There are 2 protein chains.
Amino acid sequence: MKALEERIRRDGIVREGNVLKVDSFINHQMDIGLFEEMAKEWKRLFAGKPINKILTIEASGIGIAAVVAREFGVPVVFAKKSKSINLDNDNYCTKIQSYTHGRIYDVIVSKKFLTKEDHVLIIDDFLANGCALMGLLDLVESAGATVEGIGIAIEKGFQRGGDLIRQKGIQLESLAIVESMSEDGEIVFREQ
Amino acid sequence: MKALEERIRRDGIVREGNVLKVDSFINHQMDIGLFEEMAKEWKRLFAGKPINKILTIEASGIGIAAVVAREFGVPVVFAKKSKSINLDNDNYCTKIQSYTHGRIYDVIVSKKFLTKEDHVLIIDDFLANGCALMGLLDLVESAGATVEGIGIAIEKGFQRGGDLIRQKGIQLESLAIVESMSEDGEIVFREQ
């Protein structure tokens with residue numbers, strides 16, 4: 001999506017270790033007008049799919065998911081990061097490794113809000129190694145729900161997450177795929 | 001706001017210790033249509049104020065804030081909970097006690113995204129003892145920004161947070177104020 005790529009080129013900041021900071025418009029300050037353009041693009045890309053729920057994970061996915069859910073006219077469920085394993089029977093639970101924060105989270109979603117009747121569009125801001133998405137897919141599978149697709153704002157195409165997801169045959173729509181970037185500010189996007 | 005009060009009566013669950021669970025439509029599963037009605041109500045209540053930014057705190061405030069920001073046509077900034085004091089000079093930092101989670105969080109916002117030019121509407125899902133709001137007000141004050149008002153979905157009127165905020169002379173608009181509730185399901189709202 002050209003508008004997102006241009007915005008990343010203009011306002012994204014590349015840091016050592018292949019870190020791409022987009023906190024001025026995506027994951028600290030949020031440009032809701034841009035999110036609406038992204039939502040419209042996903043609506044087009046997932047047209048005809050019987051999506052009845054948006055699934056995301058706290059915290060930075062929630063804002064995008066809310067705007068996407070408005071476009072699709074469906075509710076959002078956000079998976080919650082938990083500090084300790086929740087052993088009750090009310091939640092589906094999975095583990096997600098965060099390389100950014102150097103720890104493993106237990107992530108839960110209530111059984112009440114994800115069921116085998118649900119046709120889910122998963123939304124998140126970033127896809128790199130795919131750990132967060134694999135965790136969300138695990139939750140969806142536990143619930144017996146159907147994944148209709150995955151919408152990602154920014155995919156790091158040089159990490160393996162995108163390939164892992166596409167090999168599963170899931171429709172993955174990343175609106176900007178970064179092929180390479182350097183600290184002098186050059187960012188190369190995959191042609192889509 | 002009648003629609004919110006009715007929804008709380010219908011789908012809210014009262015638990016021991018004055019806990020009000022609204023996770024089916026506010027803070028786990030999110031009813032975006034309801035959030036839009038709430039956003040329109042806040043737009044009416046804060047009409048004429050020069051609001052240029054919505055401020056909230058992760059995680060459950062973000063979804064509501066995103067929908068409100070769309071209605072106002074402004075960006076959102078969400079304050080981040082941090083596990084350790086961030087001693088760099090890039091962020092404003094405050095401490096917020098969470099009674100729900102029994103701990104104290106460091107909460108940060110980047111100096112880039114909150115400045116003395118900003119006229120802020122603070123949005124959050126709950127107001128009880130006011131700890132989270134006091135922390136957000138502290139961040140706004142650190143930045144030299146102006147608080148134009150505070151919009152809360154559900155205020156627990158029997159806790160002291162609402163009074164503390166109103167005593168400061170800040171326009172606080174809670175769309176539903178619970179005066180009392182009991183585990184047999186009876187919920188009494190303050191007349192507004």
# chains A, B, ... in the order shown; residues from 1 in each chain; ligands from 1
>>> closest_atom_pairs(of="chain A", to="chain B", cutoff="9 Å", atoms="only C-alpha atoms", output="JSON lines")
{"residue": "A:Ser24", "atom": "CA", "partner": "B:Phe113", "partner_atom": "CA", "distance": 7.4}
{"residue": "A:Phe25", "atom": "CA", "partner": "B:Pro75", "partner_atom": "CA", "distance": 8.4}
{"residue": "A:Asn27", "atom": "CA", "partner": "B:Phe78", "partner_atom": "CA", "distance": 8.4}
{"residue": "A:His28", "atom": "CA", "partner": "B:Val77", "partner_atom": "CA", "distance": 5.7}
{"residue": "A:Gln29", "atom": "CA", "partner": "B:Val77", "partner_atom": "CA", "distance": 4.2}
{"residue": "A:Met30", "atom": "CA", "partner": "B:Val76", "partner_atom": "CA", "distance": 5.1}
{"residue": "A:Asp31", "atom": "CA", "partner": "B:Pro75", "partner_atom": "CA", "distance": 5.1}
{"residue": "A:Ile32", "atom": "CA", "partner": "B:Pro75", "partner_atom": "CA", "distance": 6.0}
{"residue": "A:Gly33", "atom": "CA", "partner": "B:Arg70", "partner_atom": "CA", "distance": 7.2}
{"residue": "A:Glu36", "atom": "CA", "partner": "B:Arg70", "partner_atom": "CA", "distance": 8.8}
{"residue": "A:Glu58", "atom": "CA", "partner": "B:Ala59", "partner_atom": "CA", "distance": 6.2}
{"residue": "A:Ala59", "atom": "CA", "partner": "B:Ala59", "partner_atom": "CA", "distance": 5.3}
{"residue": "A:Ser60", "atom": "CA", "partner": "B:Ala59", "partner_atom": "CA", "distance": 8.3}
{"residue": "A:Ile62", "atom": "CA", "partner": "B:Gly63", "partner_atom": "CA", "distance": 5.8}
{"residue": "A:Gly63", "atom": "CA", "partner": "B:Gly63", "partner_atom": "CA", "distance": 5.3}
{"residue": "A:Ile64", "atom": "CA", "partner": "B:Ala66", "partner_atom": "CA", "distance": 8.0}
{"residue": "A:Ala65", "atom": "CA", "partner": "B:Gly63", "partner_atom": "CA", "distance": 7.9}
{"residue": "A:Ala66", "atom": "CA", "partner": "B:Gly63", "partner_atom": "CA", "distance": 5.5}
{"residue": "A:Val67", "atom": "CA", "partner": "B:Val67", "partner_atom": "CA", "distance": 6.9}
{"residue": "A:Ala69", "atom": "CA", "partner": "B:Ile32", "partner_atom": "CA", "distance": 6.9}
{"residue": "A:Arg70", "atom": "CA", "partner": "B:Ile32", "partner_atom": "CA", "distance": 6.1}
{"residue": "A:Gly73", "atom": "CA", "partner": "B:Gly33", "partner_atom": "CA", "distance": 7.7}
{"residue": "A:Val74", "atom": "CA", "partner": "B:Ile32", "partner_atom": "CA", "distance": 7.4}
{"residue": "A:Pro75", "atom": "CA", "partner": "B:Asp31", "partner_atom": "CA", "distance": 5.1}
{"residue": "A:Val76", "atom": "CA", "partner": "B:Met30", "partner_atom": "CA", "distance": 5.1}
{"residue": "A:Val77", "atom": "CA", "partner": "B:Gln29", "partner_atom": "CA", "distance": 4.2}
{"residue": "A:Phe78", "atom": "CA", "partner": "B:His28", "partner_atom": "CA", "distance": 5.8}
{"residue": "A:Ala79", "atom": "CA", "partner": "B:His28", "partner_atom": "CA", "distance": 7.4}
{"residue": "A:Lys80", "atom": "CA", "partner": "B:His28", "partner_atom": "CA", "distance": 7.9}
{"residue": "A:Val109", "atom": "CA", "partner": "B:His28", "partner_atom": "CA", "distance": 8.1}
{"residue": "A:Ser110", "atom": "CA", "partner": "B:His28", "partner_atom": "CA", "distance": 8.1}
{"residue": "A:Lys112", "atom": "CA", "partner": "B:Ser24", "partner_atom": "CA", "distance": 8.2}
{"residue": "A:Phe113", "atom": "CA", "partner": "B:Gln29", "partner_atom": "CA", "distance": 6.6}
>>> residues_around(residues="range 141-149 of chain B", least_positions_apart="3", cutoff="9 Å", atoms="only C-alpha atoms", output="PyMOL selection string")
chain B and resi 46+49-51+92-93+111+114-123+136-138+170-173
>>> residues_around(residues="Gly135 in chain B", least_positions_apart="2", cutoff="7 Å", atoms="only C-alpha atoms", output="PDB file with C-alpha atoms, in the first residue's frame")
ATOM      1  CA  THR B  94       5.167   8.614  36.226  1.00  0.00           C
ATOM      2  CA  LYS B  95       4.115   5.834  38.585  1.00  0.00           C
ATOM      3  CA  ILE B  96       0.653   4.345  38.684  1.00  0.00           C
ATOM      4  CA  CYS B 131      -4.785   6.313  40.183  1.00  0.00           C
ATOM      5  CA  ALA B 132      -4.470   5.825  36.432  1.00  0.00           C
ATOM      6  CA  LEU B 133      -5.960   9.263  35.679  1.00  0.00           C
ATOM      7  CA  LEU B 137      -2.545  14.101  34.438  1.00  0.00           C
ATOM      8  CA  ASP B 138       0.991  14.041  35.820  1.00  0.00           C
ATOM      9  CA  LEU B 139       2.345  13.186  32.349  1.00  0.00           C
TER      10      LEU B 139
END
>>> residues_around(residues="Leu4 in chain A", least_positions_apart="3", cutoff="8 Å", atoms="only C-alpha atoms", output="ChimeraX atom specification")
/A:1,7-8,34,38,175-176
>>> write_last_selection(atoms="C-alpha atoms", output="short mmCIF file (atom, residue, chain, number, x, y, z; two decimals), in the first residue's frame")
data_model
loop_
_atom_site.label_atom_id
_atom_site.label_comp_id
_atom_site.auth_asym_id
_atom_site.auth_seq_id
_atom_site.Cartn_x
_atom_site.Cartn_y
_atom_site.Cartn_z
CA MET A 1 0.00 0.00 0.00
CA ARG A 7 4.74 7.23 5.45
CA ILE A 8 7.32 4.68 6.64
CA LEU A 34 -3.95 6.30 8.08
CA MET A 38 -5.39 0.61 5.85
CA LEU A 175 0.41 -3.65 3.59
CA ALA A 176 4.14 -2.89 3.54
#
>>> select_by_dssp(residues="chain A", states="strand (DSSP E or B)", output="ChimeraX atom specification")
/A:13-15,19-21,29-30,53-57,76-82,91-98,103-110,119-127,146-156,172-181,187-189
>>> atom_distance(atom1="CA of Asp163 in chain B", atom2="CA of Asp125 in chain B")
17.1 Å
>>> atom_distance(atom1="CA of Leu20 in chain A", atom2="CA of Ile108 in chain A")
27.5 Å
>>> closest_residue(among="A:Ile165, A:Val14, A:Ala47, A:Ala153", to="Lys2 in chain A", atoms="only C-alpha atoms")
A:Ala153
>>> select_by_dssp(residues="range 58-147 of chain B", states="helix (DSSP H, G or I)", output="number ranges by chain")
B: 61-72, 111-113, 131-143
>>> decode(residues="range 9-98 of chain A", atoms="C-alpha atoms", output="mmCIF file, in the first residue's frame")
data_model
loop_
_atom_site.group_PDB
_atom_site.id
_atom_site.type_symbol
_atom_site.label_atom_id
_atom_site.label_comp_id
_atom_site.auth_asym_id
_atom_site.auth_seq_id
_atom_site.Cartn_x
_atom_site.Cartn_y
_atom_site.Cartn_z
ATOM 1 C CA ARG A 9 9.933 6.271 4.355
ATOM 2 C CA ARG A 10 9.056 9.729 5.666
ATOM 3 C CA ASP A 11 8.564 9.097 9.403
ATOM 4 C CA GLY A 12 10.044 5.678 10.135
ATOM 5 C CA ILE A 13 13.403 5.577 11.887
ATOM 6 C CA VAL A 14 15.859 2.734 11.331
ATOM 7 C CA ARG A 15 17.941 1.764 14.359
ATOM 8 C CA GLU A 16 20.756 -0.666 14.941
ATOM 9 C CA GLY A 17 19.758 -4.333 14.860
ATOM 10 C CA ASN A 18 17.128 -3.966 12.122
ATOM 11 C CA VAL A 19 14.809 -2.043 14.409
ATOM 12 C CA LEU A 20 12.225 0.057 12.563
ATOM 13 C CA LYS A 21 10.629 2.672 14.786
ATOM 14 C CA VAL A 22 7.189 3.798 13.650
ATOM 15 C CA ASP A 23 6.072 5.173 16.981
ATOM 16 C CA SER A 24 5.063 8.544 15.557
ATOM 17 C CA PHE A 25 2.142 7.079 13.594
ATOM 18 C CA ILE A 26 1.574 3.384 14.437
ATOM 19 C CA ASN A 27 2.440 2.134 17.908
ATOM 20 C CA HIS A 28 2.730 4.994 20.384
ATOM 21 C CA GLN A 29 1.132 7.915 18.600
ATOM 22 C CA MET A 30 -1.512 6.532 16.237
ATOM 23 C CA ASP A 31 -2.616 8.220 12.998
ATOM 24 C CA ILE A 32 -6.243 7.136 12.838
ATOM 25 C CA GLY A 33 -6.732 8.567 9.321
ATOM 26 C CA LEU A 34 -3.951 6.297 8.077
ATOM 27 C CA PHE A 35 -5.518 3.367 9.965
ATOM 28 C CA GLU A 36 -8.783 4.036 8.107
ATOM 29 C CA GLU A 37 -7.000 3.878 4.753
ATOM 30 C CA MET A 38 -5.394 0.605 5.854
ATOM 31 C CA ALA A 39 -8.772 -0.752 6.982
ATOM 32 C CA LYS A 40 -10.321 0.048 3.590
ATOM 33 C CA GLU A 41 -7.462 -1.746 1.852
ATOM 34 C CA TRP A 42 -7.949 -4.883 3.967
ATOM 35 C CA LYS A 43 -11.713 -4.698 3.314
ATOM 36 C CA ARG A 44 -10.911 -4.833 -0.389
ATOM 37 C CA LEU A 45 -8.300 -7.607 -0.026
ATOM 38 C CA PHE A 46 -10.560 -9.821 2.116
ATOM 39 C CA ALA A 47 -13.773 -9.059 0.211
ATOM 40 C CA GLY A 48 -16.265 -11.924 0.177
ATOM 41 C CA LYS A 49 -14.835 -13.651 3.245
ATOM 42 C CA PRO A 50 -17.410 -14.330 5.984
ATOM 43 C CA ILE A 51 -15.451 -12.457 8.667
ATOM 44 C CA ASN A 52 -17.453 -11.935 11.870
ATOM 45 C CA LYS A 53 -14.677 -11.023 14.322
ATOM 46 C CA ILE A 54 -11.318 -9.267 14.450
ATOM 47 C CA LEU A 55 -8.666 -10.847 16.689
ATOM 48 C CA THR A 56 -5.556 -9.006 17.843
ATOM 49 C CA ILE A 57 -3.157 -8.931 20.783
ATOM 50 C CA GLU A 58 -2.485 -6.178 23.260
ATOM 51 C CA ALA A 59 -1.305 -3.529 23.183
ATOM 52 C CA SER A 60 -0.218 -2.034 19.869
ATOM 53 C CA GLY A 61 -2.580 -4.111 17.705
ATOM 54 C CA ILE A 62 -5.686 -2.822 19.436
ATOM 55 C CA GLY A 63 -5.927 0.613 17.810
ATOM 56 C CA ILE A 64 -5.593 -0.714 14.272
ATOM 57 C CA ALA A 65 -7.982 -3.571 15.033
ATOM 58 C CA ALA A 66 -10.633 -1.167 16.358
ATOM 59 C CA VAL A 67 -10.558 0.886 13.155
ATOM 60 C CA VAL A 68 -10.596 -2.263 10.990
ATOM 61 C CA ALA A 69 -13.528 -3.665 12.984
ATOM 62 C CA ARG A 70 -15.501 -0.496 12.318
ATOM 63 C CA GLU A 71 -14.875 -0.911 8.582
ATOM 64 C CA PHE A 72 -16.011 -4.567 8.680
ATOM 65 C CA GLY A 73 -18.898 -3.906 11.109
ATOM 66 C CA VAL A 74 -17.798 -6.633 13.538
ATOM 67 C CA PRO A 75 -16.437 -6.761 17.117
ATOM 68 C CA VAL A 76 -12.785 -7.019 18.166
ATOM 69 C CA VAL A 77 -11.369 -9.493 20.642
ATOM 70 C CA PHE A 78 -7.902 -8.770 21.927
ATOM 71 C CA ALA A 79 -5.776 -11.517 23.464
ATOM 72 C CA LYS A 80 -4.294 -10.527 26.804
ATOM 73 C CA LYS A 81 -0.752 -10.947 28.010
ATOM 74 C CA SER A 82 -0.717 -12.557 31.412
ATOM 75 C CA LYS A 83 2.150 -12.743 33.872
ATOM 76 C CA SER A 84 1.236 -16.167 35.185
ATOM 77 C CA ILE A 85 -0.413 -19.196 33.681
ATOM 78 C CA ASN A 86 -4.134 -18.866 34.088
ATOM 79 C CA LEU A 87 -5.226 -22.341 35.046
ATOM 80 C CA ASP A 88 -8.945 -21.718 35.121
ATOM 81 C CA ASN A 89 -11.167 -23.318 32.544
ATOM 82 C CA ASP A 90 -12.520 -20.021 31.232
ATOM 83 C CA ASN A 91 -9.636 -19.162 28.894
ATOM 84 C CA TYR A 92 -7.632 -20.563 26.046
ATOM 85 C CA CYS A 93 -3.958 -20.066 26.798
ATOM 86 C CA THR A 94 -0.784 -20.104 24.717
ATOM 87 C CA LYS A 95 2.802 -18.970 25.117
ATOM 88 C CA ILE A 96 4.412 -16.258 23.006
ATOM 89 C CA GLN A 97 8.098 -15.473 22.972
ATOM 90 C CA SER A 98 8.858 -11.781 22.673
#
